[in-house]
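K.L.:
Sharing a structure below in structure tokens format, with a few things to ask.
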Amino acid sequence: MDVNEVLLPGVGLRYEFVNRDGDRIGVVARRSGDFELVVYEAADPDEARAVLRLTGEEADTLAEILGAPRIAERFADLTKEVPGLSAGQVEVRAGTPFADRPLGETRARTRTGASIVAIVRGEEVIPSPGPVHVLRAGDVLVVIGTHEGIAAVEQIVQG
């Protein structure tokens, strides 16, 4: 199924696809972290009808139920709106200094200025992990910052 991404300057991103009935289904990922599920009916493809408004936490729960842990990956697309800001992924490898240790011990944000906004653990997405969240080998950290900051987080985490 084709999913189109539409940048909404100042708002966020809209992901949309056409269902079997010919309706366009859209998910608006707002910069605030909130989400809207909208439907553009086949009879009037220019008029959107908001179906649901969700907080980030509610959207994460719905995504887990629907089996779509790609939200963390797509969150990275929001950085397209901010020049100089990038998103990256850093894997926590077995045997590295921070495997099986709390995220806060990395002091990544303090040391690099980059933020770890989510952890992808298998099929699970852990949004906005706190400093006491224990990192596991195989975790993928979603990092937002400058290219240099992301590289520095990778260097810290992978030793």
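A note on labels: chains of the structure tokens are A, B, ... as shown, every chain counts residues from 1, and ligands are counted from 1 in their shown order.
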Can you tell me, as a PyMOL selection string, what residues are no more than 8 Å from Arg136 (chain A) when counting only C-alpha atoms, ignoring any on the same chain fewer than 3 positions away?

P.N.:
chain A and resi 92+94+99-101+139

K.L.:
Please provide as a PyMOL selection string all residues within 10 Å of Ala108 (chain A), with the sequence filter that same-chain residues fewer than 5 positions apart are discarded (counting only C-alpha atoms).

P.N.:
chain A and resi 103+113-116+143+149-150+152-154+156-157

K.L.:
In terms of the shortest atom-to-atom distance over only C-alpha atoms, which of A:Gly159, A:Ile25, A:Val134, A:Ala151 is closest to Thr96 (chain A)?

P.N.:
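For Thr96 (chain A), the nearest of the candidates is A:Gly159.
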
K.L.:
Any idea what the distance is between CA of Ile119 (chain A) and CA of Glu148 (chain A)?

P.N.:
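Here the two named atoms are 19.9 Å from each other.
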
K.L.:
Calculate how many Å separate CA of Leu62 (chain A) from CA of Val132 (chain A), rounding to one decimal.

P.N.:
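Separating CA of Leu62 (chain A) from CA of Val132 (chain A) is a distance of 24.7 Å.
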
K.L.:
Based on the backbone DSSP call, show me all residues of chain A assigned helix (DSSP H, G or I), as a ChimeraX atom specification.

P.N.:
/A:56-66,71-81,103-106,108-112,147-158

K.L.:
Considering only C-alpha atoms, return as an mmCIF file with C-alpha atoms, in the first residue's frame whatever protein or nucleic-acid residues lie within 9 Å of Arg30 (chain A), sequence-local ones (same chain, fewer than 2 positions apart) excluded.

P.N.:
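Listing of selection.cif after writing:
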```cif
data_model
loop_
_atom_site.group_PDB
_atom_site.id
_atom_site.type_symbol
_atom_site.label_atom_id
_atom_site.label_comp_id
_atom_site.auth_asym_id
_atom_site.auth_seq_id
_atom_site.Cartn_x
_atom_site.Cartn_y
_atom_site.Cartn_z
ATOM 1 C CA LEU A 8 2.670 20.751 6.713
ATOM 2 C CA GLY A 10 4.516 24.904 11.036
ATOM 3 C CA VAL A 11 2.154 22.012 11.798
ATOM 4 C CA GLY A 12 3.979 18.711 11.241
ATOM 5 C CA LEU A 13 3.485 15.875 8.780
ATOM 6 C CA ARG A 14 0.470 14.170 7.235
ATOM 7 C CA VAL A 28 -1.556 14.298 10.992
ATOM 8 C CA SER A 32 3.283 19.318 19.512
ATOM 9 C CA GLY A 33 3.273 15.506 19.681
ATOM 10 C CA ASP A 34 -0.496 15.218 19.184
ATOM 11 C CA PHE A 35 -2.088 13.324 16.303
ATOM 12 C CA GLU A 36 -5.282 13.577 14.290
ATOM 13 C CA LEU A 78 9.614 16.111 11.634
#
```
